[in-house]
Amino acid sequence: MTIVLARNSPTEVVASSVDAHGELLGEATVLPFDRLAGFVAEREGAPEPERWVWSDSSRWYGDLLNAGVRVRRCHDLRLSHAILRNSTLTAHTAFARAEPTAWDQPVEPPSAHVAPVHSTLFDLGETMASGRSAAREDSAAEYRHQLQALSEVPDAGRLRLLLAAESVGALIAAEMRHAGLPWRTEVHDALLTAELGPRVPYGTRPARLEELAGRIRGILGDQSVNPDSPPNVLKALNRAGLMITSTNRWELAEYSHPVIEPLLEYKKRARLLTANGWTWMDQWIIDERFHPDYVPGGAATGRWATSGGGALQLPKQIRAAVTADPGWKLVVADAAQLEPRILAALSADTAMAAAGRGTDMYAGIVASGVVESREHAKVAMLGAMYGATTGESGRLMPKLTRAYPRAIRLVEQAARAGERGEHVTSWLGRSSPAPGADWQEAQRLASQPGASAAEESRARSRARDWGRFTRNFVVQGSAAEWALCWMGEIRNGLRAIEQRSSTPPGRLATASGAVFESLPHLVFFLHDEIIVHTPEEHAEEVAQTVTEAAAFAGRLLFRDFPVDFPLGIAVVDRYSEAK
DNA sequence: GGTCTATGCCAC
DNA sequence: AAACGTGGCATAGACC
């Protein structure tokens, strides 16, 4: 049922079957690394799946995938540890109050220990044994401590769900990295050539940029202007009589001068070149697949981060390069207005949930007569969740507060708590970190008798900053939990499709080591959207699975509270065709 | 040479 | 229209 895997020595693993309290059942098995994949595969073949307990999914599972082995369930000790150490729900336990241990250390950056995507079993022992982390692990003890902490929480259902969701997220992150996002370098190159001119060696300007740079210099009458240097451009513009203080896009756009147009053009195209140009393509696209390093729980709110490759910021400009293989489709889905819907559920604001009954919550808010336009509804909602005080959004707040008092009260209370330096907690139990030492120091200085006006003002400003963070934390963090549950359920549904289909399931290793050659699989995740790459014959079934999973996630988190989670969903050949 | 910060902009 | 949340990343330029 549950097996703890731990490094026993630089070349060995110990596998221990444990009971519901984490206590050892029978004898532990010691095996060399090169037998681990077979050991796991054999047990995954059984009808009743094991739950594998291990230190870091990125390491253990990355290597298993490279060896052609998938697992169904795991408990990621490091991710769970971070949640349990910091949650207000466990704050009273010995687990949370203990001195920090090795489990509180951040995991090594993935690049340092994750094997190349297509490495083989041959590398397994070496990567597992590499670096300072080759020390013996006390994973079984850590697992017992975590279970003990959970047993001391009166109503731990949500927290248990959070740990399960976080752990399945870690499996999915490793699987997506392994499979990669289908990428057509030919399409990417054509887009770059159209925007920039033909490819040139690194460090030289493509023709289109060179031409724009020439125009900019000509208009300014200064051949020394370097459009890649903001300070240099700023000085040149000031000399030309444009009294701007920054060269950012929206400030430039406010002036009318012949140089503005070519300058904005230059910046836009130069950004494409440096961020997602040929250098990026060479580095990150391997065999027509993009393999980013996802970092589950990388943001304080529980959102994922990424490390390398910039998967969080794939510009819309190049999304046409994300293309399904011949005979395959992309199922692209995003949750419509996820965060406001989450807020409605968190606060049990039935009026706000009712406005979201259709597919467009902002339209629903307009239809309820709260504001006059969809744009107003959107700006006001975002402002409420981000803590806007000025401008359009600030002006609309009173209307929103009148219509949805419960929802607004929830975010306001979260903001006030943050301003006092307190923790706030997401729906399933992830808590915000404490503000840093310099924040505390600023507050302390301002509260002393002789504090200067500047100190008081600084402290108030810092307090409000932290309040905006905690205000957003409860919504963003709970939305991230919904997204994990959604994706976990999609993964279950895809496995069901796999088992219904005629393609033989199970171990599907190919010469390249790829596990996912012939079946629908997740290939991309970005906060509230997913992409599944699927054989065309399964595309409609996949779309239905993804849609049902959204409803499932809503029920899993909020039971019978009447809040909908509609999706924008499309079956397409290219990512750019969705929406 | 390397490290660090500021800038600007991409995504949700 | 404007400066309000979470991130990553490339570059220039200051600094060691």
# chains A, B, ... in the order shown; residues from 1 in each chain; ligands from 1

$ residues_around --residues "A:Arg416" --least-positions-apart "3" --cutoff "10 Å" --atoms "only C-alpha atoms (C1' of nucleotides)" --output "compact mmCIF listing (two decimals) with N, CA and C atoms, in the first residue's frame"
# COMPACT_ATOMS: atom_id res chain seq x y z
N VAL A 411 -11.29 39.48 1.43
CA VAL A 411 -9.98 39.98 1.00
C VAL A 411 -9.51 41.15 1.86
N GLU A 412 -10.45 41.96 2.34
CA GLU A 412 -10.06 43.07 3.22
C GLU A 412 -9.48 42.53 4.52
N GLN A 413 -10.10 41.49 5.07
CA GLN A 413 -9.57 40.92 6.31
C GLN A 413 -8.19 40.32 6.11
N GLU A 419 -1.11 43.39 7.11
CA GLU A 419 -0.57 44.68 7.59
C GLU A 419 -0.10 44.56 9.03
N ARG A 420 -0.73 43.65 9.80
CA ARG A 420 -0.29 43.43 11.18
C ARG A 420 0.85 42.43 11.27
N GLY A 421 1.26 41.90 10.12
CA GLY A 421 2.36 40.92 10.11
C GLY A 421 1.92 39.51 10.41
N GLU A 422 0.60 39.25 10.36
CA GLU A 422 0.09 37.91 10.67
C GLU A 422 0.10 37.03 9.43
N ALA A 463 3.84 48.02 5.49
CA ALA A 463 2.71 47.25 6.03
C ALA A 463 1.65 47.07 4.95
N ARG A 464 1.35 48.15 4.23
CA ARG A 464 0.35 48.05 3.16
C ARG A 464 0.82 47.12 2.05
N TRP A 466 2.68 44.50 2.39
CA TRP A 466 2.52 43.12 2.85
C TRP A 466 1.04 42.75 2.88
N GLY A 467 0.20 43.72 3.18
CA GLY A 467 -1.24 43.50 3.15
C GLY A 467 -1.74 43.14 1.75
N ARG A 468 -1.16 43.78 0.74
CA ARG A 468 -1.56 43.43 -0.63
C ARG A 468 -1.12 42.01 -0.97
N THR A 470 -0.79 39.44 1.26
CA THR A 470 -1.64 38.45 1.94
C THR A 470 -3.07 38.48 1.38
N ARG A 471 -3.53 39.66 0.96
CA ARG A 471 -4.84 39.78 0.32
C ARG A 471 -4.88 38.86 -0.90

$ closest_atom_pairs --of "chain A" --to "chain C" --cutoff "8 Å" --atoms "only C-alpha atoms (C1' of nucleotides)" --output "JSON lines"
{"residue": "A:Asp228", "atom": "CA", "partner": "C:DT11", "partner_atom": "C1'", "distance": 7.8}
{"residue": "A:Ser229", "atom": "CA", "partner": "C:DA12", "partner_atom": "C1'", "distance": 6.3}
{"residue": "A:Thr274", "atom": "CA", "partner": "C:DA10", "partner_atom": "C1'", "distance": 6.3}
{"residue": "A:Ala275", "atom": "CA", "partner": "C:DA10", "partner_atom": "C1'", "distance": 6.6}
{"residue": "A:Ala299", "atom": "CA", "partner": "C:DT6", "partner_atom": "C1'", "distance": 7.0}
{"residue": "A:Thr301", "atom": "CA", "partner": "C:DT6", "partner_atom": "C1'", "distance": 7.7}
{"residue": "A:Arg303", "atom": "CA", "partner": "C:DT6", "partner_atom": "C1'", "distance": 7.8}
{"residue": "A:Ala305", "atom": "CA", "partner": "C:DG7", "partner_atom": "C1'", "distance": 6.4}
{"residue": "A:Thr306", "atom": "CA", "partner": "C:DG8", "partner_atom": "C1'", "distance": 7.3}
{"residue": "A:Ser307", "atom": "CA", "partner": "C:DG8", "partner_atom": "C1'", "distance": 7.6}
{"residue": "A:Gly308", "atom": "CA", "partner": "C:DG8", "partner_atom": "C1'", "distance": 7.8}
{"residue": "A:Gly310", "atom": "CA", "partner": "C:DG8", "partner_atom": "C1'", "distance": 5.7}
{"residue": "A:Leu312", "atom": "CA", "partner": "C:DG8", "partner_atom": "C1'", "distance": 6.9}
{"residue": "A:Gln313", "atom": "CA", "partner": "C:DG8", "partner_atom": "C1'", "distance": 7.3}
{"residue": "A:Gly383", "atom": "CA", "partner": "C:DC4", "partner_atom": "C1'", "distance": 6.4}
{"residue": "A:Met385", "atom": "CA", "partner": "C:DG5", "partner_atom": "C1'", "distance": 7.4}
{"residue": "A:Tyr386", "atom": "CA", "partner": "C:DG5", "partner_atom": "C1'", "distance": 4.8}
{"residue": "A:Gly387", "atom": "CA", "partner": "C:DC4", "partner_atom": "C1'", "distance": 5.5}
{"residue": "A:Ala388", "atom": "CA", "partner": "C:DC4", "partner_atom": "C1'", "distance": 4.4}
{"residue": "A:Thr389", "atom": "CA", "partner": "C:DC4", "partner_atom": "C1'", "distance": 7.6}
{"residue": "A:Gly391", "atom": "CA", "partner": "C:DA2", "partner_atom": "C1'", "distance": 7.0}
{"residue": "A:Glu392", "atom": "CA", "partner": "C:DA1", "partner_atom": "C1'", "distance": 7.5}
{"residue": "A:Arg468", "atom": "CA", "partner": "C:DG5", "partner_atom": "C1'", "distance": 7.0}
{"residue": "A:Phe469", "atom": "CA", "partner": "C:DG5", "partner_atom": "C1'", "distance": 6.4}
{"residue": "A:Asn472", "atom": "CA", "partner": "C:DG5", "partner_atom": "C1'", "distance": 5.5}
{"residue": "A:Phe473", "atom": "CA", "partner": "C:DG5", "partner_atom": "C1'", "distance": 7.9}
{"residue": "A:Gln476", "atom": "CA", "partner": "C:DT6", "partner_atom": "C1'", "distance": 7.9}

$ closest_atom_pairs --of "chain A" --to "chain B" --cutoff "10 Å" --atoms "only C-alpha atoms (C1' of nucleotides)" --output "tab-separated table"
residue	atom	partner	partner_atom	distance
A:Ser229	CA	B:DT7	C1'	9.5
A:Pro230	CA	B:DT7	C1'	7.4
A:Pro231	CA	B:DT7	C1'	9.1
A:Ser246	CA	B:DT7	C1'	9.3
A:Thr247	CA	B:DG8	C1'	8.4
A:Asn248	CA	B:DG8	C1'	6.4
A:Arg249	CA	B:DG8	C1'	8.5
A:Lys267	CA	B:DC9	C1'	9.4
A:Lys268	CA	B:DC9	C1'	9.0
A:Arg271	CA	B:DC9	C1'	7.7
A:Leu272	CA	B:DC10	C1'	9.4
A:Ala275	CA	B:DC10	C1'	8.5
A:Gly310	CA	B:DC10	C1'	9.0
A:Ala311	CA	B:DA11	C1'	8.4
A:Leu312	CA	B:DA11	C1'	5.4
A:Gln313	CA	B:DA11	C1'	3.8
A:Leu314	CA	B:DA11	C1'	6.4
A:Pro315	CA	B:DC10	C1'	6.0
A:Lys316	CA	B:DA11	C1'	8.9
A:Leu526	CA	B:DC12	C1'	7.2
A:His527	CA	B:DC12	C1'	6.3
A:Asp528	CA	B:DC12	C1'	7.5
A:Glu529	CA	B:DC12	C1'	9.1

$ write_last_selection --atoms "N, CA, C and O atoms" --output "short mmCIF file (atom, residue, chain, number, x, y, z; two decimals), in the first residue's frame"
data_model
loop_
_atom_site.label_atom_id
_atom_site.label_comp_id
_atom_site.auth_asym_id
_atom_site.auth_seq_id
_atom_site.Cartn_x
_atom_site.Cartn_y
_atom_site.Cartn_z
N SER A 229 20.41 49.90 -24.78
CA SER A 229 20.76 50.42 -23.46
C SER A 229 19.77 51.49 -23.00
O SER A 229 19.79 52.62 -23.49
N PRO A 230 18.90 51.16 -22.05
CA PRO A 230 17.93 52.15 -21.58
C PRO A 230 18.56 53.47 -21.13
O PRO A 230 18.07 54.53 -21.51
N PRO A 231 19.65 53.47 -20.32
CA PRO A 231 20.22 54.75 -19.90
C PRO A 231 20.70 55.59 -21.09
O PRO A 231 20.52 56.81 -21.12
N SER A 246 11.76 57.65 -18.03
CA SER A 246 12.00 56.22 -18.20
C SER A 246 11.71 55.86 -19.65
O SER A 246 10.95 56.55 -20.32
N THR A 247 12.31 54.78 -20.10
CA THR A 247 12.08 54.38 -21.49
C THR A 247 11.11 53.21 -21.58
O THR A 247 11.11 52.49 -22.56
N ASN A 248 10.33 52.98 -20.51
CA ASN A 248 9.40 51.86 -20.64
C ASN A 248 8.29 52.19 -21.62
O ASN A 248 8.01 53.34 -21.95
N ARG A 249 7.66 51.12 -22.09
CA ARG A 249 6.79 51.21 -23.27
C ARG A 249 5.65 52.21 -23.08
O ARG A 249 5.39 53.04 -23.95
N LYS A 267 12.18 47.71 -29.68
CA LYS A 267 12.11 47.05 -28.37
C LYS A 267 11.32 45.75 -28.45
O LYS A 267 11.69 44.75 -27.85
N LYS A 268 10.24 45.80 -29.16
CA LYS A 268 9.38 44.62 -29.26
C LYS A 268 10.12 43.47 -29.94
O LYS A 268 10.10 42.32 -29.48
N ARG A 271 13.19 42.17 -27.93
CA ARG A 271 12.74 41.31 -26.84
C ARG A 271 12.54 39.87 -27.34
O ARG A 271 12.95 38.90 -26.70
N LEU A 272 11.91 39.78 -28.50
CA LEU A 272 11.69 38.45 -29.09
C LEU A 272 13.02 37.74 -29.34
O LEU A 272 13.18 36.57 -29.04
N ALA A 275 14.76 36.91 -25.78
CA ALA A 275 14.06 35.99 -24.88
C ALA A 275 13.74 34.66 -25.54
O ALA A 275 13.86 33.61 -24.91
N GLY A 310 11.95 29.55 -19.20
CA GLY A 310 10.92 30.57 -19.21
C GLY A 310 9.54 30.08 -19.60
O GLY A 310 8.79 30.76 -20.30
N ALA A 311 9.14 28.91 -19.12
CA ALA A 311 7.83 28.36 -19.50
C ALA A 311 6.67 29.19 -18.95
O ALA A 311 5.54 29.06 -19.42
N LEU A 312 6.95 30.03 -17.96
CA LEU A 312 5.89 30.88 -17.40
C LEU A 312 5.59 32.08 -18.29
O LEU A 312 4.67 32.85 -18.02
N GLN A 313 6.36 32.26 -19.31
CA GLN A 313 6.25 33.49 -20.09
C GLN A 313 6.41 33.23 -21.59
O GLN A 313 7.01 34.02 -22.29
N LEU A 314 5.84 32.11 -22.04
CA LEU A 314 5.89 31.84 -23.48
C LEU A 314 5.08 32.91 -24.20
O LEU A 314 3.86 32.94 -24.07
N PRO A 315 5.71 33.79 -24.97
CA PRO A 315 4.95 34.89 -25.56
C PRO A 315 3.94 34.38 -26.58
O PRO A 315 4.17 33.39 -27.26
N LYS A 316 2.82 35.08 -26.65
CA LYS A 316 1.78 34.69 -27.61
C LYS A 316 2.33 34.73 -29.03
O LYS A 316 1.90 33.95 -29.87
N LEU A 526 0.00 26.15 -16.90
CA LEU A 526 0.34 27.53 -16.58
C LEU A 526 -0.76 28.16 -15.71
O LEU A 526 -1.66 28.82 -16.21
N HIS A 527 -0.68 27.92 -14.42
CA HIS A 527 -1.55 28.53 -13.41
C HIS A 527 -3.02 28.14 -13.53
O HIS A 527 -3.62 27.64 -12.59
N ASP A 528 -3.64 28.44 -14.66
CA ASP A 528 -5.06 28.09 -14.81
C ASP A 528 -5.34 27.52 -16.20
O ASP A 528 -6.47 27.53 -16.65
N GLU A 529 -4.28 27.07 -16.88
CA GLU A 529 -4.52 26.44 -18.17
C GLU A 529 -3.63 25.23 -18.37
O GLU A 529 -2.55 25.14 -17.78
#

$ closest_residue --among "A:Ala82, A:Gly429, A:Trp52, A:His178" --to "A:Gly68" --atoms "only C-alpha atoms"
A:His178

$ atom_distance --atom1 "atom CA of A:Ile219" --atom2 "atom CA of A:Glu195"
22.0 Å

$ atom_distance --atom1 "atom CA of A:Thr425" --atom2 "atom CA of A:Ala407"
15.7 Å

$ select_by_dssp --residues "stretch 194-397 of chain A" --states "strand (DSSP E or B)" --output "VMD selection string"
chain A and resid 285 to 286 289 to 290 293 to 295 305 to 307 322 to 323 328 to 335

$ write_last_selection --atoms "N, CA, C and O atoms" --output "short mmCIF file (atom, residue, chain, number, x, y, z; two decimals), in the first residue's frame"
data_model
loop_
_atom_site.label_atom_id
_atom_site.label_comp_id
_atom_site.auth_asym_id
_atom_site.auth_seq_id
_atom_site.Cartn_x
_atom_site.Cartn_y
_atom_site.Cartn_z
N ILE A 285 14.95 23.56 -27.15
CA ILE A 285 14.16 22.64 -27.97
C ILE A 285 15.06 21.48 -28.40
O ILE A 285 16.03 21.68 -29.12
N ILE A 286 14.71 20.30 -27.89
CA ILE A 286 15.49 19.11 -28.20
C ILE A 286 14.57 18.12 -28.90
O ILE A 286 13.53 17.75 -28.35
N ARG A 289 10.92 19.11 -29.05
CA ARG A 289 10.17 19.17 -27.79
C ARG A 289 10.82 20.22 -26.87
O ARG A 289 12.04 20.29 -26.78
N PHE A 290 9.95 20.99 -26.18
CA PHE A 290 10.41 21.97 -25.19
C PHE A 290 10.29 21.31 -23.82
O PHE A 290 9.22 20.87 -23.43
N ASP A 293 11.98 23.12 -16.84
CA ASP A 293 12.03 22.62 -15.46
C ASP A 293 10.94 23.29 -14.65
O ASP A 293 11.07 24.45 -14.28
N TYR A 294 9.89 22.57 -14.38
CA TYR A 294 8.85 23.12 -13.50
C TYR A 294 9.31 23.01 -12.05
O TYR A 294 9.99 22.05 -11.68
N VAL A 295 8.89 23.96 -11.23
CA VAL A 295 9.20 23.91 -9.80
C VAL A 295 7.89 23.97 -9.01
O VAL A 295 7.39 25.05 -8.69
N ALA A 305 6.60 27.52 -10.08
CA ALA A 305 7.54 28.39 -10.76
C ALA A 305 8.24 27.54 -11.82
O ALA A 305 7.95 26.34 -11.96
N THR A 306 9.14 28.12 -12.57
CA THR A 306 9.98 27.33 -13.47
C THR A 306 11.41 27.79 -13.31
O THR A 306 11.68 28.89 -12.83
N SER A 307 12.31 26.93 -13.70
CA SER A 307 13.72 27.26 -13.61
C SER A 307 14.35 26.98 -14.96
O SER A 307 14.55 25.83 -15.32
N VAL A 322 4.03 25.83 -31.11
CA VAL A 322 3.55 24.70 -30.33
C VAL A 322 2.52 23.98 -31.19
O VAL A 322 1.38 24.44 -31.34
N THR A 323 2.92 22.88 -31.79
CA THR A 323 2.12 22.23 -32.82
C THR A 323 2.02 20.74 -32.55
O THR A 323 3.04 20.10 -32.22
N TRP A 328 -2.09 13.89 -34.47
CA TRP A 328 -2.34 14.22 -33.07
C TRP A 328 -3.02 15.59 -32.98
O TRP A 328 -3.02 16.36 -33.95
N LYS A 329 -3.58 15.88 -31.81
CA LYS A 329 -4.20 17.18 -31.55
C LYS A 329 -3.72 17.71 -30.20
O LYS A 329 -3.27 16.95 -29.34
N LEU A 330 -3.87 19.03 -30.05
CA LEU A 330 -3.69 19.64 -28.74
C LEU A 330 -5.07 19.95 -28.17
O LEU A 330 -5.89 20.55 -28.86
N VAL A 331 -5.31 19.53 -26.95
CA VAL A 331 -6.51 19.96 -26.25
C VAL A 331 -6.06 21.06 -25.28
O VAL A 331 -5.32 20.79 -24.33
N VAL A 332 -6.47 22.29 -25.58
CA VAL A 332 -6.05 23.45 -24.80
C VAL A 332 -7.22 23.92 -23.96
O VAL A 332 -8.30 24.19 -24.50
N ALA A 333 -7.03 24.01 -22.65
CA ALA A 333 -8.14 24.42 -21.78
C ALA A 333 -7.67 25.42 -20.74
O ALA A 333 -6.58 25.27 -20.19
N ASP A 334 -8.47 26.44 -20.50
CA ASP A 334 -8.17 27.34 -19.38
C ASP A 334 -9.44 27.61 -18.59
O ASP A 334 -10.54 27.63 -19.13
N ALA A 335 -9.25 27.79 -17.29
CA ALA A 335 -10.38 28.03 -16.39
C ALA A 335 -10.79 29.50 -16.53
O ALA A 335 -9.96 30.39 -16.36
#
